[in-house]
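Q: For reference, this is protein34.pdb, and it has PDB, C-alpha atoms.
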```
ATOM      1  CA  MET A   1      13.634  -7.231  10.983
ATOM      2  CA  TYR A   2      11.012  -5.098   9.305
ATOM      3  CA  ASN A   3       7.440  -5.031  10.560
ATOM      4  CA  ILE A   4       4.639  -4.290   8.122
ATOM      5  CA  SER A   5       4.404  -0.676   9.356
ATOM      6  CA  ASN A   6       8.061   0.107   8.512
ATOM      7  CA  ARG A   7       7.275   1.814   5.210
ATOM      8  CA  ARG A   8       7.013   5.371   3.968
ATOM      9  CA  TYR A   9       3.660   5.476   2.211
ATOM     10  CA  THR A  10       1.400   8.341   1.226
ATOM     11  CA  GLY A  11      -1.924   8.150   3.035
ATOM     12  CA  SER A  12      -0.811   5.475   5.495
ATOM     13  CA  LYS A  13      -3.214   5.160   8.422
ATOM     14  CA  TYR A  14      -0.536   3.907  10.824
ATOM     15  CA  LYS A  15      -0.692   6.967  13.104
ATOM     16  CA  LEU A  16      -4.498   6.782  13.188
ATOM     17  CA  LEU A  17      -4.742   3.068  13.993
ATOM     18  CA  ASP A  18      -5.714   3.434  17.644
ATOM     19  CA  TRP A  19      -8.579   5.781  16.756
ATOM     20  CA  ILE A  20      -9.784   3.670  13.820
ATOM     21  CA  GLU A  21      -9.608   0.448  15.845
ATOM     22  CA  GLU A  22     -11.581   1.974  18.719
ATOM     23  CA  LEU A  23     -14.323   3.301  16.424
ATOM     24  CA  ILE A  24     -14.731  -0.002  14.589
ATOM     25  CA  LEU A  25     -14.882  -2.087  17.764
ATOM     26  CA  GLU A  26     -17.394   0.288  19.381
ATOM     27  CA  ASN A  27     -19.719   0.578  16.395
ATOM     28  CA  CYS A  28     -19.461  -2.592  14.316
ATOM     29  CA  GLU A  29     -20.211  -6.263  14.929
ATOM     30  CA  GLY A  30     -19.063  -9.327  13.051
ATOM     31  CA  GLU A  31     -16.419 -11.966  12.509
ATOM     32  CA  SER A  32     -15.003 -11.018   9.088
ATOM     33  CA  PHE A  33     -13.097  -7.906   7.974
ATOM     34  CA  PHE A  34     -12.676  -6.735   4.371
ATOM     35  CA  ASP A  35      -9.879  -4.203   3.689
ATOM     36  CA  VAL A  36     -10.944  -2.976   0.252
ATOM     37  CA  PHE A  37      -7.971  -0.676  -0.487
ATOM     38  CA  ALA A  38      -5.438  -2.190   1.901
ATOM     39  CA  GLY A  39      -2.429   0.011   1.029
ATOM     40  CA  THR A  40       0.360  -0.667   3.514
ATOM     41  CA  GLY A  41      -1.693  -3.417   5.140
ATOM     42  CA  VAL A  42      -1.362  -1.922   8.623
ATOM     43  CA  VAL A  43      -5.118  -1.707   9.203
ATOM     44  CA  SER A  44      -5.631  -5.375   8.322
ATOM     45  CA  ALA A  45      -2.666  -6.323  10.497
ATOM     46  CA  ARG A  46      -4.105  -4.455  13.494
ATOM     47  CA  MET A  47      -7.722  -5.586  13.037
ATOM     48  CA  SER A  48      -6.845  -9.225  12.321
ATOM     49  CA  LYS A  49      -6.580  -9.968  16.048
ATOM     50  CA  HIS A  50     -10.310  -9.222  16.391
ATOM     51  CA  TYR A  51     -11.713 -11.264  13.473
ATOM     52  CA  ASN A  52     -11.755 -14.857  12.256
ATOM     53  CA  SER A  53     -11.193 -13.933   8.631
ATOM     54  CA  VAL A  54      -9.573 -10.974   6.871
ATOM     55  CA  ILE A  55      -9.828 -10.142   3.170
ATOM     56  CA  MET A  56      -7.078  -7.862   1.820
ATOM     57  CA  ASN A  57      -7.111  -6.193  -1.586
ATOM     58  CA  ASP A  58      -4.921  -3.689  -3.404
ATOM     59  CA  PHE A  59      -4.197  -3.108  -7.072
ATOM     60  CA  LEU A  60      -0.421  -2.580  -6.666
ATOM     61  CA  PHE A  61       1.791  -5.570  -7.420
ATOM     62  CA  SER A  62       4.242  -4.527  -4.704
ATOM     63  CA  ASN A  63       1.518  -4.431  -2.046
ATOM     64  CA  GLU A  64       0.216  -7.846  -3.078
ATOM     65  CA  ILE A  65       3.697  -9.359  -2.664
ATOM     66  CA  ILE A  66       4.004  -7.733   0.772
ATOM     67  CA  TYR A  67       0.642  -9.134   1.931
ATOM     68  CA  LYS A  68       1.562 -12.627   0.718
ATOM     69  CA  ALA A  69       4.916 -12.359   2.445
ATOM     70  CA  PHE A  70       3.528 -11.248   5.807
ATOM     71  CA  PHE A  71       0.197 -13.101   5.841
ATOM     72  CA  GLY A  72       0.392 -15.945   3.314
ATOM     73  CA  ASN A  73      -1.317 -19.249   4.041
ATOM     74  CA  ASP A  74       1.738 -21.317   3.117
ATOM     75  CA  LYS A  75       4.455 -22.367   5.512
ATOM     76  CA  TYR A  76       8.043 -21.262   4.976
ATOM     77  CA  ASP A  77      11.425 -22.521   6.110
ATOM     78  CA  VAL A  78      13.133 -20.007   8.396
ATOM     79  CA  HIS A  79      16.510 -21.602   7.679
ATOM     80  CA  VAL A  80      16.068 -21.138   3.928
ATOM     81  CA  ILE A  81      15.186 -17.467   4.366
ATOM     82  CA  GLU A  82      18.108 -16.903   6.733
ATOM     83  CA  LYS A  83      20.540 -18.638   4.362
ATOM     84  CA  TYR A  84      19.697 -16.237   1.548
ATOM     85  CA  ARG A  85      19.771 -13.212   3.833
ATOM     86  CA  LYS A  86      23.395 -14.016   4.657
ATOM     87  CA  GLN A  87      24.179 -14.740   1.026
ATOM     88  CA  PHE A  88      22.738 -11.420  -0.151
ATOM     89  CA  GLN A  89      24.465  -9.473   2.607
ATOM     90  CA  ASN A  90      27.829 -10.895   1.581
ATOM     91  CA  ILE A  91      27.643  -9.780  -2.049
ATOM     92  CA  PRO A  92      30.431  -7.158  -2.581
ATOM     93  CA  SER A  93      28.592  -4.206  -4.139
ATOM     94  CA  ASN A  94      31.750  -2.624  -5.577
ATOM     95  CA  LYS A  95      32.462  -5.727  -7.702
ATOM     96  CA  ILE A  96      29.067  -6.048  -9.387
ATOM     97  CA  LYS A  97      28.623  -5.169 -13.042
ATOM     98  CA  ASP A  98      25.974  -2.665 -14.085
ATOM     99  CA  ASN A  99      22.488  -4.090 -14.559
ATOM    100  CA  TYR A 100      19.036  -2.861 -15.561
ATOM    101  CA  PHE A 101      18.390  -1.384 -12.128
ATOM    102  CA  SER A 102      21.718   0.428 -11.736
ATOM    103  CA  VAL A 103      21.671   1.808 -15.295
ATOM    104  CA  ASN A 104      18.264   3.372 -14.717
ATOM    105  CA  PHE A 105      18.178   4.224 -11.014
ATOM    106  CA  GLY A 106      21.830   4.479  -9.945
ATOM    107  CA  ASP A 107      22.984   7.952  -8.835
ATOM    108  CA  LYS A 108      19.326   8.985  -8.794
ATOM    109  CA  TYR A 109      17.041   7.081  -6.411
ATOM    110  CA  PHE A 110      20.017   5.155  -4.979
ATOM    111  CA  SER A 111      23.780   5.330  -5.052
ATOM    112  CA  LYS A 112      25.388   3.551  -8.006
ATOM    113  CA  ASN A 113      26.736   0.734  -5.826
ATOM    114  CA  ASP A 114      23.448   0.303  -3.973
ATOM    115  CA  ALA A 115      21.533   0.191  -7.254
ATOM    116  CA  ARG A 116      23.907  -2.466  -8.625
ATOM    117  CA  LEU A 117      23.404  -4.504  -5.472
ATOM    118  CA  ILE A 118      19.607  -4.161  -5.540
ATOM    119  CA  GLY A 119      19.544  -5.245  -9.187
ATOM    120  CA  LYS A 120      21.862  -8.187  -8.498
ATOM    121  CA  ILE A 121      19.759  -9.414  -5.553
ATOM    122  CA  ARG A 122      16.586  -9.077  -7.617
ATOM    123  CA  GLU A 123      18.096 -11.275 -10.329
ATOM    124  CA  GLU A 124      19.132 -13.855  -7.711
ATOM    125  CA  ILE A 125      15.630 -13.930  -6.192
ATOM    126  CA  GLN A 126      14.166 -14.479  -9.653
ATOM    127  CA  LYS A 127      16.458 -17.483 -10.202
ATOM    128  CA  LEU A 128      15.427 -18.906  -6.821
ATOM    129  CA  LYS A 129      11.737 -18.863  -7.750
ATOM    130  CA  ARG A 130      12.167 -22.301  -9.314
ATOM    131  CA  VAL A 131      13.579 -23.921  -6.168
ATOM    132  CA  ILE A 132      11.876 -22.225  -3.208
ATOM    133  CA  SER A 133       8.229 -22.032  -2.159
ATOM    134  CA  ASP A 134       5.955 -19.184  -3.253
ATOM    135  CA  ARG A 135       5.810 -17.859   0.329
ATOM    136  CA  GLU A 136       9.621 -17.911   0.589
ATOM    137  CA  TYR A 137       9.879 -16.088  -2.736
ATOM    138  CA  CYS A 138       7.425 -13.414  -1.521
ATOM    139  CA  ILE A 139       9.312 -13.024   1.786
ATOM    140  CA  LEU A 140      12.678 -12.553   0.046
ATOM    141  CA  LEU A 141      11.187 -10.090  -2.453
ATOM    142  CA  ALA A 142       9.208  -8.130   0.155
ATOM    143  CA  SER A 143      12.389  -7.923   2.250
ATOM    144  CA  LEU A 144      14.159  -6.369  -0.741
ATOM    145  CA  VAL A 145      11.329  -3.832  -1.136
ATOM    146  CA  TYR A 146      11.519  -2.822   2.533
ATOM    147  CA  SER A 147      15.321  -2.677   2.528
ATOM    148  CA  MET A 148      15.495  -0.428  -0.554
ATOM    149  CA  ASP A 149      12.550   1.730   0.505
ATOM    150  CA  LYS A 150      14.296   2.510   3.795
ATOM    151  CA  ILE A 151      17.309   4.130   2.112
ATOM    152  CA  SER A 152      15.865   5.517  -1.132
ATOM    153  CA  ASN A 153      16.857   9.065  -2.070
ATOM    154  CA  THR A 154      13.263  10.352  -1.983
ATOM    155  CA  VAL A 155      10.806  12.231   0.229
ATOM    156  CA  GLY A 156       8.859   9.020   0.770
ATOM    157  CA  HIS A 157       7.472   8.246  -2.697
ATOM    158  CA  TYR A 158       9.026   7.852  -6.149
ATOM    159  CA  ASP A 159       7.408  10.666  -8.087
ATOM    160  CA  ALA A 160      10.872  12.216  -8.056
ATOM    161  CA  TYR A 161      14.293  11.739  -6.461
ATOM    162  CA  ARG A 162      16.154  14.316  -4.406
ATOM    163  CA  LYS A 163      18.652  16.314  -6.441
ATOM    164  CA  ILE A 164      21.774  16.054  -4.297
ATOM    165  CA  GLY A 165      25.457  15.426  -4.932
ATOM    166  CA  ASN A 166      27.058  12.137  -4.032
ATOM    167  CA  ILE A 167      24.566   9.625  -2.668
ATOM    168  CA  GLU A 168      25.997   7.484   0.107
ATOM    169  CA  ASP A 169      26.067   3.690  -0.051
ATOM    170  CA  ARG A 170      23.545   2.706   2.626
ATOM    171  CA  PHE A 171      21.760  -0.395   1.402
ATOM    172  CA  VAL A 172      21.647  -3.437   3.690
ATOM    173  CA  TYR A 173      19.439  -6.416   2.880
ATOM    174  CA  GLU A 174      17.335  -7.196   5.958
ATOM    175  CA  LEU A 175      14.358  -9.496   6.349
ATOM    176  CA  ILE A 176      10.741  -8.743   7.123
ATOM    177  CA  ASN A 177       9.106 -10.386  10.136
ATOM    178  CA  PRO A 178       6.325 -12.544   8.627
ATOM    179  CA  GLU A 179       3.377 -14.091  10.449
ATOM    180  CA  ASN A 180       3.109 -17.845  10.846
ATOM    181  CA  ALA A 181       1.015 -19.513   8.163
ATOM    182  CA  SER A 182      -2.734 -19.406   8.809
ATOM    183  CA  ASP A 183      -5.998 -19.581   6.894
ATOM    184  CA  LYS A 184      -7.205 -16.248   8.308
ATOM    185  CA  PHE A 185      -6.124 -14.075   5.387
ATOM    186  CA  THR A 186      -7.422 -14.052   1.812
ATOM    187  CA  ILE A 187      -5.444 -11.817  -0.534
ATOM    188  CA  TYR A 188      -6.549 -10.240  -3.814
ATOM    189  CA  ARG A 189      -5.105  -7.840  -6.361
ATOM    190  CA  MET A 190      -8.267  -6.751  -8.127
ATOM    191  CA  ASP A 191     -10.307  -3.761  -9.181
ATOM    192  CA  ALA A 192     -12.175  -3.057  -5.945
ATOM    193  CA  ASN A 193     -15.454  -2.356  -7.764
ATOM    194  CA  LYS A 194     -15.360  -5.813  -9.339
ATOM    195  CA  LEU A 195     -14.208  -7.586  -6.176
ATOM    196  CA  VAL A 196     -17.073  -6.290  -3.995
ATOM    197  CA  LYS A 197     -19.513  -8.141  -6.241
ATOM    198  CA  LYS A 198     -17.721 -11.433  -5.547
ATOM    199  CA  VAL A 199     -16.971 -11.423  -1.804
ATOM    200  CA  LYS A 200     -19.007 -10.954   1.365
ATOM    201  CA  ALA A 201     -17.950  -9.876   4.851
ATOM    202  CA  ASP A 202     -19.365  -8.355   8.009
ATOM    203  CA  ILE A 203     -17.264  -5.184   8.018
ATOM    204  CA  ALA A 204     -15.677  -3.358   5.070
ATOM    205  CA  PHE A 205     -12.901  -0.835   5.619
ATOM    206  CA  ILE A 206     -12.580   1.556   2.680
ATOM    207  CA  ASP A 207      -9.619   3.926   2.368
ATOM    208  CA  PRO A 208      -9.652   4.880  -1.334
ATOM    209  CA  PRO A 209      -7.114   7.073  -3.149
ATOM    210  CA  TYR A 210      -7.891  10.675  -2.265
ATOM    211  CA  ASN A 211      -6.735  12.753  -5.203
ATOM    212  CA  SER A 212      -5.136  12.804  -8.642
ATOM    213  CA  ARG A 213      -1.887  11.195  -7.469
ATOM    214  CA  GLN A 214      -1.847   7.733  -9.020
ATOM    215  CA  TYR A 215      -0.252   5.205  -6.681
ATOM    216  CA  SER A 216       1.072   3.072  -9.544
ATOM    217  CA  ARG A 217       3.065   6.173 -10.617
ATOM    218  CA  PHE A 218       4.000   7.236  -7.089
ATOM    219  CA  TYR A 219       5.542   3.817  -6.406
ATOM    220  CA  HIS A 220       6.696   2.908  -9.917
ATOM    221  CA  VAL A 221      10.195   1.921  -8.741
ATOM    222  CA  LEU A 222       8.756  -0.628  -6.304
ATOM    223  CA  GLU A 223       6.285  -1.858  -8.931
ATOM    224  CA  ASN A 224       9.197  -2.214 -11.351
ATOM    225  CA  ILE A 225      11.365  -4.237  -8.952
ATOM    226  CA  VAL A 226       8.468  -6.562  -8.053
ATOM    227  CA  GLN A 227       7.156  -7.216 -11.566
ATOM    228  CA  TRP A 228      10.686  -7.283 -13.027
ATOM    229  CA  LYS A 229       9.566  -6.853 -16.619
ATOM    230  CA  LYS A 230      12.394  -4.355 -17.180
ATOM    231  CA  PRO A 231      10.306  -1.859 -19.164
ATOM    232  CA  ARG A 232      11.726   1.085 -21.063
ATOM    233  CA  LEU A 233      11.684   4.166 -18.825
ATOM    234  CA  GLU A 234      11.092   7.802 -19.699
ATOM    235  CA  GLY A 235      11.318  11.266 -18.194
ATOM    236  CA  THR A 236      13.269  12.670 -15.303
ATOM    237  CA  ALA A 237      11.572  10.356 -12.802
ATOM    238  CA  LEU A 238      12.358   7.260 -14.943
ATOM    239  CA  LYS A 239       8.778   5.999 -15.139
ATOM    240  CA  PRO A 240       7.482   3.237 -17.402
ATOM    241  CA  GLU A 241       4.492   3.620 -19.681
ATOM    242  CA  ALA A 242       1.406   4.296 -17.576
ATOM    243  CA  GLU A 243      -0.531   1.233 -16.421
ATOM    244  CA  ASN A 244      -2.748   0.141 -13.546
ATOM    245  CA  MET A 245      -4.360   3.561 -13.197
ATOM    246  CA  SER A 246      -7.171   4.145 -10.697
ATOM    247  CA  GLU A 247     -10.494   5.767 -11.571
ATOM    248  CA  TYR A 248     -10.597   7.064  -7.985
ATOM    249  CA  CYS A 249      -7.900   9.561  -8.982
ATOM    250  CA  ARG A 250      -9.944  10.964 -11.853
ATOM    251  CA  SER A 251     -13.042  13.110 -12.278
ATOM    252  CA  ARG A 252     -15.310  10.038 -12.288
ATOM    253  CA  ALA A 253     -14.360   9.240  -8.668
ATOM    254  CA  PRO A 254     -17.789  10.097  -7.139
ATOM    255  CA  GLU A 255     -19.556   7.891  -9.692
ATOM    256  CA  VAL A 256     -17.083   5.018  -9.149
ATOM    257  CA  PHE A 257     -17.354   5.322  -5.366
ATOM    258  CA  ALA A 258     -21.154   5.263  -5.576
ATOM    259  CA  ASP A 259     -20.965   2.074  -7.643
ATOM    260  CA  LEU A 260     -18.665   0.482  -5.047
ATOM    261  CA  ILE A 261     -21.014   1.303  -2.172
ATOM    262  CA  LYS A 262     -24.066   0.153  -4.125
ATOM    263  CA  ASN A 263     -22.593  -3.298  -4.756
ATOM    264  CA  ILE A 264     -20.641  -3.992  -1.569
ATOM    265  CA  GLN A 265     -22.006  -6.949   0.415
ATOM    266  CA  VAL A 266     -21.393  -6.188   4.099
ATOM    267  CA  LYS A 267     -23.221  -5.258   7.309
ATOM    268  CA  TYR A 268     -21.032  -2.270   8.176
ATOM    269  CA  ILE A 269     -19.055   0.130   5.988
ATOM    270  CA  VAL A 270     -16.168   2.122   7.467
ATOM    271  CA  VAL A 271     -14.741   4.840   5.210
ATOM    272  CA  THR A 272     -11.771   7.073   5.993
ATOM    273  CA  TYR A 273     -11.245  10.337   4.182
ATOM    274  CA  ASN A 274      -9.775  13.776   4.786
ATOM    275  CA  ASN A 275     -10.665  17.357   3.992
ATOM    276  CA  THR A 276      -7.992  18.111   1.399
ATOM    277  CA  TYR A 277     -10.802  18.741  -1.099
ATOM    278  CA  ASN A 278     -10.204  22.404  -0.166
ATOM    279  CA  SER A 279      -6.481  22.234  -0.945
ATOM    280  CA  LYS A 280      -4.903  24.947  -3.092
ATOM    281  CA  SER A 281      -2.872  22.269  -4.905
ATOM    282  CA  SER A 282      -4.788  20.619  -7.761
ATOM    283  CA  SER A 283      -2.923  17.327  -7.280
ATOM    284  CA  SER A 284      -3.772  17.291  -3.556
ATOM    285  CA  LYS A 285      -7.427  18.221  -4.002
ATOM    286  CA  ASN A 286      -9.847  15.398  -3.282
ATOM    287  CA  LYS A 287     -11.905  14.034  -6.154
ATOM    288  CA  ILE A 288     -14.874  13.397  -3.856
ATOM    289  CA  THR A 289     -16.263  15.948  -1.406
ATOM    290  CA  LEU A 290     -17.452  15.365   2.140
ATOM    291  CA  GLU A 291     -21.025  16.041   1.030
ATOM    292  CA  GLU A 292     -20.818  13.500  -1.796
ATOM    293  CA  ILE A 293     -19.455  10.773   0.472
ATOM    294  CA  THR A 294     -22.132  11.472   3.083
ATOM    295  CA  LYS A 295     -24.921  11.334   0.499
ATOM    296  CA  ILE A 296     -23.623   8.107  -1.078
ATOM    297  CA  LEU A 297     -23.144   6.314   2.246
ATOM    298  CA  SER A 298     -26.465   7.541   3.658
ATOM    299  CA  SER A 299     -28.237   5.927   0.705
ATOM    300  CA  LYS A 300     -26.849   2.582   1.929
ATOM    301  CA  GLY A 301     -27.770   2.918   5.613
ATOM    302  CA  GLN A 302     -27.470   4.864   8.860
ATOM    303  CA  THR A 303     -24.241   6.863   8.656
ATOM    304  CA  THR A 304     -22.311   8.540  11.469
ATOM    305  CA  ILE A 305     -19.312  10.808  10.899
ATOM    306  CA  TYR A 306     -16.344  11.089  13.264
ATOM    307  CA  GLU A 307     -13.504  13.565  12.816
ATOM    308  CA  LYS A 308     -10.015  14.141  14.167
ATOM    309  CA  LYS A 309      -7.329  16.746  13.528
ATOM    310  CA  HIS A 310      -4.298  15.155  11.899
ATOM    311  CA  PRO A 311      -1.275  16.523   9.938
ATOM    312  CA  CYS A 312      -1.546  15.827   6.217
ATOM    313  CA  PHE A 313       1.128  14.496   3.857
ATOM    314  CA  ASN A 314       3.169  17.428   2.597
ATOM    315  CA  ALA A 315       6.222  17.275   0.345
ATOM    316  CA  GLY A 316       6.903  20.919   1.157
ATOM    317  CA  LYS A 317       5.045  22.582  -1.719
ATOM    318  CA  THR A 318       1.464  22.680  -0.479
ATOM    319  CA  GLU A 319       0.214  24.853   2.355
ATOM    320  CA  PHE A 320      -2.766  23.309   4.111
ATOM    321  CA  ASN A 321      -4.149  24.300   7.501
ATOM    322  CA  ASP A 322      -6.837  22.766   9.722
ATOM    323  CA  HIS A 323      -6.393  19.312   8.193
ATOM    324  CA  LYS A 324      -8.843  16.716   9.505
ATOM    325  CA  GLU A 325      -9.321  12.995   9.072
ATOM    326  CA  PHE A 326     -12.882  11.675   8.906
ATOM    327  CA  VAL A 327     -14.261   8.223   9.622
ATOM    328  CA  PHE A 328     -17.727   7.429   8.290
ATOM    329  CA  ILE A 329     -19.449   4.373   9.752
ATOM    330  CA  THR A 330     -22.532   3.096   7.971
ATOM    331  CA  LYS A 331     -24.853   0.446   9.361
ATOM    332  CA  VAL A 332     -26.152  -1.068   6.154
ATOM    333  CA  GLY A 333     -29.929  -1.150   5.845
ATOM    334  CA  ALA A 334     -30.588   0.916   8.939
ATOM    335  CA  LYS A 335     -32.441   4.199   8.565
ATOM    336  CA  ASN A 336     -30.703   7.463   9.417
ATOM    337  CA  GLY A 337     -31.844   8.991  12.672
ATOM    338  CA  LYS A 338     -32.725   5.635  14.241
TER     339      LYS A 338
END
```
Could you render the structure from this file as structure tokens?
A:
Amino acid sequence: MYNISNRRYTGSKYKLLDWIEELILENCEGESFFDVFAGTGVVSARMSKHYNSVIMNDFLFSNEIIYKAFFGNDKYDVHVIEKYRKQFQNIPSNKIKDNYFSVNFGDKYFSKNDARLIGKIREEIQKLKRVISDREYCILLASLVYSMDKISNTVGHYDAYRKIGNIEDRFVYELINPENASDKFTIYRMDANKLVKKVKADIAFIDPPYNSRQYSRFYHVLENIVQWKKPRLEGTALKPEAENMSEYCRSRAPEVFADLIKNIQVKYIVVTYNNTYNSKSSSSKNKITLEEITKILSSKGQTTIYEKKHPCFNAGKTEFNDHKEFVFITKVGAKNGK
């Protein structure tokens, strides 16, 4: 079974969890945790054991489905989920006709047979939506996302596929390992700058996009399989028309971040960032500098900066030395130096 951390995801904080958890517990107090840009969801999953309520938000459709699958408030029938796992595993991939997914992604991001199978299972899950619960639907769909992501012919994102010869058939439909239903989690898929005006919490964890790489484009294949609108695709990477684009990946990022911090309603703000604003690659270069973040957070309260050396994401084209991760912790309303 897949745990929530079993994903390849640019900017994932999984390897920094121990450090982040320690800093938050040592420097912040409260009973509610707000993960503003939740990404993989691993930070919320780790911190949830310390708080009575957890708010998760991300603007990707695929991430929303994953959160609902792992942390949804509704109960689900284990026997129903297991029945469909067996059913999907027994579909003979070499006897399936071509479908939207195999026509577009076969022999590119996946082998032809695997792509046919993924498309077939997606169609079956869509049919089941009428007869199973919303939580069961999310679990089956999130399980498909994890199963295909594990074997995709990529370097970890879908900005491009690896140009190789014959792609092996490797796909196996396996289930995620969801949490039992509870009222602890509240899940949103909203513009973070609008959401912070509507919700309150004790601690906000903010891990915004770092650079010009748009996550809706990086993970367009997963967004496609989850939304299942079957859009027309273009270009070598087979991407749909651009949608769901983040202002944090554009030149207005400092202004947008300042607006977020101004309106957020919490006692403590925890921001993670890294120093790729010095990167030689324009796509890797941060849209907000260390100085800008410090100034913006300091205007909200007493801000302390922690740093740690950590290898950065590298697809093999960008040379970057002395990479560091930073954690900023702001005590809202407190004066700096006191």
Q: Env of Thr10 of chain A: 9 Å cut, atoms = all atoms listed in the file, seq-sep filter 6 positions within chain, self excluded. Answer as JSON, numbers by chain.
A: {"A": [156, 157, 215, 218, 313]}
Q: Would you mind telling me which residue in A:Pro254, A:Gly106, A:Gly119, A:Gly333 lies nearest to Pro208 of chain A when using only C-alpha atoms?
A: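 For Pro208 of chain A, the nearest of the candidates is A:Pro254.
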Q: Please list as a ChimeraX atom specification every residue within 12 Å of Ile91 of chain A, counting all atoms listed in the file and excluding residues in the same chain fewer than 3 positions away.
A: /A:84-88,94-97,113-114,116-121,124,171-173
Q: Which is closest to Asp77 of chain A among A:Leu60, A:Ile125, A:Ala160, A:Ala181, if we use only C-alpha atoms?
A: A:Ala181
Q: Within 8 Å of Asn63 of chain A, counting only C-alpha atoms, which residues qualify if same-chain residues fewer than 6 places away don't, as number ranges by chain?
A: A: 39-41
Q: Next, the residues of the selection above should be written as a PDB file, in the frame of the given file with C-alpha atoms.
A:
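Resulting contents of selection-v4.pdb:
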```pdb
ATOM      1  CA  GLY A  39      -2.429   0.011   1.029  1.00  0.00           C
ATOM      2  CA  THR A  40       0.360  -0.667   3.514  1.00  0.00           C
ATOM      3  CA  GLY A  41      -1.693  -3.417   5.140  1.00  0.00           C
TER       4      GLY A  41
END
```
Q: Have a look at A:Ile176, A:Val103, A:Val54, A:Ala115 and name the one nearest to Phe70 of chain A; count only C-alpha atoms.
A: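 Closest candidate: A:Ile176.
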Q: Step by step, work through what the PyMOL selection byres ((chain A and resi 109) around 10) selects in the shown file, and finish by giving those residues as a PyMOL selection string.
A: chain A and resi 102+104-108+110-112+114-115+148-149+151-154+158+160-163+167+221+237-238
Q: For a test of reading the model, state the distance in Å between atom CA of Arg135 of chain A and atom CA of Ala69 of chain A, rounded to one decimal.
A: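 Those two atoms sit 6.0 Å apart.
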Q: To one decimal place, how far is atom CA of Arg252 of chain A from atom CA of Thr304 of chain A in Å?
A: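 Answer for the atom CA of Arg252 of chain A to atom CA of Thr304 of chain A separation: 24.8 Å.
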